[in-house]
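Before any comments, here is the structure.
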Amino acid sequence: MKNNAIIRICIYSLLLLLLLAVLLWGLNGFSLFHHWVEGGPDSHAEYAPQRLDGTSDAATFSPAEVSALDIDWAAGDICIQKDDTDLIRIAEDSAGGAEPMSVTLKSGDLHIEYAQRRNRWFGFGSMTDKNLTITVPRDFDLSELDLDVASCNVTVSDMTIGELDFDGADGDLILEGCTIGELDFDGASGDVVFTGSLDVLDMDGASTDFEGIFTNCPAVLTMDGMSGKLDVTLPRDSGFTAKVDGMSCNFESDLPVKTQNGAYVCGDGRCKITAEGMSMDVTVRYAQ
């Protein structure tokens with residue numbers, strides 16, 4: 001068992017280093033590659049953002065046209081929020097001098113990119129922070145949200161999302177009052193702060209933490225990595241089964257647990273919690 005754990009930790013370390021290298025490379029080359037494999041810009045219907053003032057661009061869409069969001073962003077903050085509006089509004093703000101974003105729509109998938117020119121080879125230090133704000137109607141839901149970011153903090157508020165996929169090199173993901181079916185987080189450095197309802201979590205990363213306060217009892221919470229923390233607060237009547245495997249890993253629970261087949265079990269054991277890696281801390285709390 002100990003040898004298997006050490007082997008897994010070595011594999012995780014190599015994979016995380018590879019992930020960091022790929023994400024940093026993606027800051028420079030991903031946008032160009034993505035459009036090559038998609039068949040170029042002509043494969044999408046493209047919408048030029050309207051210039052609102054000297055430092056802001058915006059585009060609007062009917063909610064009936066959009067079922068999924070795909071965002072590639074290099075630097076700056078991203079905010080997705082609801083408001084009293086009939087349209088989806090996409091706006092960016094920068095300090096000036098940055099190339100405008102690209103917005104394309106195809107088969108219900110709204111794709112937003114940091115810049116319009118796909119053939120530009122960006123340098124890591126040349127990115128200008130641009131803040132992206134997406135405002136949607138209060139009754140609007142998403143089947144999918146795909147976030148590929150380099151150095152960004154992302155905040156999503158009061159959204160219902162079927163699947164959320166986050167890939168990032170550096171940045172936090174804050175989900176406030178959301179209802180999400182499946183959350184897949186891959187990051188080299190960054191934390192997730194969650195409030196709301198979640199069914200499945202799959203989190204991989206180095207130096208990444210997850211803090212969740214749930215209104216439901218999740219089905220599966222999985223975390224792999226190094227130097228990570230999984231801190232969850234469950235409704236009072238929720239049971240869980242937690243397995244923590246690796247070197248220098250710790251487990252704590254608000255309520256007494258029993259050990260069964262190498263796992264910590266509380267109540268009916270419904271929520272399946274798994275943490276594997278090195279220096280992983282798992283804490284299970286219960287709502288007051």
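For the structure tokens, the naming scheme is as follows: chains receive sequential letters (A, B, ...) according to their order of presentation, residues are indexed from 1 within each chain, and ligands are indexed from 1 in presentation order.
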What are the closest atom pairs, with distances in Å to one decimal, for each residue of range 204-244 of chain A lying within 12 Å of range 160-171 of chain A, using only C-alpha atoms, rows by chain and rising residue number, as JSON lines?
{"residue": "A:Asp204", "atom": "CA", "partner": "A:Asp167", "partner_atom": "CA", "distance": 9.8}
{"residue": "A:Gly205", "atom": "CA", "partner": "A:Ala169", "partner_atom": "CA", "distance": 9.6}
{"residue": "A:Ala206", "atom": "CA", "partner": "A:Ala169", "partner_atom": "CA", "distance": 10.1}
{"residue": "A:Ser207", "atom": "CA", "partner": "A:Asp170", "partner_atom": "CA", "distance": 10.3}
{"residue": "A:Thr208", "atom": "CA", "partner": "A:Gly171", "partner_atom": "CA", "distance": 9.8}
{"residue": "A:Asp209", "atom": "CA", "partner": "A:Gly171", "partner_atom": "CA", "distance": 11.5}
Counting only C-alpha atoms, what is within 8 Å of Ala263 in chain A, bar same-chain residues fewer than 4 positions away, as a PDB file with all heavy atoms, in the first residue's frame?
ATOM      1  N   THR A 241     -18.773   9.138   3.087  1.00  0.00           N
ATOM      2  CA  THR A 241     -17.709   8.144   3.143  1.00  0.00           C
ATOM      3  C   THR A 241     -16.456   8.796   2.587  1.00  0.00           C
ATOM      4  O   THR A 241     -16.436   9.199   1.421  1.00  0.00           O
ATOM      5  CB  THR A 241     -18.049   6.894   2.305  1.00  0.00           C
ATOM      6  OG1 THR A 241     -19.269   6.325   2.792  1.00  0.00           O
ATOM      7  CG2 THR A 241     -16.940   5.862   2.398  1.00  0.00           C
ATOM      8  N   ALA A 242     -15.423   8.952   3.408  1.00  0.00           N
ATOM      9  CA  ALA A 242     -14.217   9.672   3.002  1.00  0.00           C
ATOM     10  C   ALA A 242     -13.013   8.740   2.985  1.00  0.00           C
ATOM     11  O   ALA A 242     -12.747   8.032   3.976  1.00  0.00           O
ATOM     12  CB  ALA A 242     -13.947  10.848   3.942  1.00  0.00           C
ATOM     13  N   LYS A 243     -12.298   8.755   1.849  1.00  0.00           N
ATOM     14  CA  LYS A 243     -11.046   8.003   1.741  1.00  0.00           C
ATOM     15  C   LYS A 243      -9.929   8.990   1.459  1.00  0.00           C
ATOM     16  O   LYS A 243     -10.001   9.780   0.503  1.00  0.00           O
ATOM     17  CB  LYS A 243     -11.133   6.975   0.607  1.00  0.00           C
ATOM     18  CG  LYS A 243     -12.195   5.906   0.825  1.00  0.00           C
ATOM     19  CD  LYS A 243     -12.090   4.782  -0.197  1.00  0.00           C
ATOM     20  CE  LYS A 243     -10.886   3.923   0.100  1.00  0.00           C
ATOM     21  NZ  LYS A 243     -10.868   2.689  -0.752  1.00  0.00           N
ATOM     22  N   VAL A 244      -8.901   8.972   2.301  1.00  0.00           N
ATOM     23  CA  VAL A 244      -7.755   9.882   2.177  1.00  0.00           C
ATOM     24  C   VAL A 244      -6.508   9.022   2.044  1.00  0.00           C
ATOM     25  O   VAL A 244      -6.171   8.256   2.944  1.00  0.00           O
ATOM     26  CB  VAL A 244      -7.653  10.818   3.400  1.00  0.00           C
ATOM     27  CG1 VAL A 244      -6.500  11.796   3.220  1.00  0.00           C
ATOM     28  CG2 VAL A 244      -8.965  11.582   3.594  1.00  0.00           C
ATOM     29  N   THR A 259     -14.443   3.704  11.146  1.00  0.00           N
ATOM     30  CA  THR A 259     -13.536   3.281  10.083  1.00  0.00           C
ATOM     31  C   THR A 259     -14.052   1.975   9.482  1.00  0.00           C
ATOM     32  O   THR A 259     -14.333   1.017  10.209  1.00  0.00           O
ATOM     33  CB  THR A 259     -12.114   3.074  10.627  1.00  0.00           C
ATOM     34  OG1 THR A 259     -11.674   4.293  11.240  1.00  0.00           O
ATOM     35  CG2 THR A 259     -11.162   2.723   9.494  1.00  0.00           C
TER      36      THR A 259
END
- Item | Selection: 7 Å around Met101 in chain A, only C-alpha atoms, excl. self and same-chain fewer than 3 positions, as a list in words | Glu113, Tyr114, Ala115 and Gln116 of chain A
- Task: Name all residues at most 6 Å from Ala75 in chain A (count only C-alpha atoms; drop same-chain ones fewer than 4 positions away) and give them as number ranges by chain.
- Result: A: 129, 151-152
- Query: In Å, how far is it from CA of Cys249 in chain A to CA of Asp202 in chain A?
  - Reply: 18.4 Å
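All residues of protein, DNA or RNA that reach within 7 Å of Arg138 in chain A, judged by only C-alpha atoms and not counting those fewer than 3 positions away in the chain, are Lys82, Asp83 and Asp84 of chain A.
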- Using only C-alpha atoms, determine which residues lie at most 9 Å from Leu175 in chain A, disregarding the query and same-chain residues fewer than 6 positions distant; provide the list as a PyMOL selection string. chain A and resi 154-159+192-196
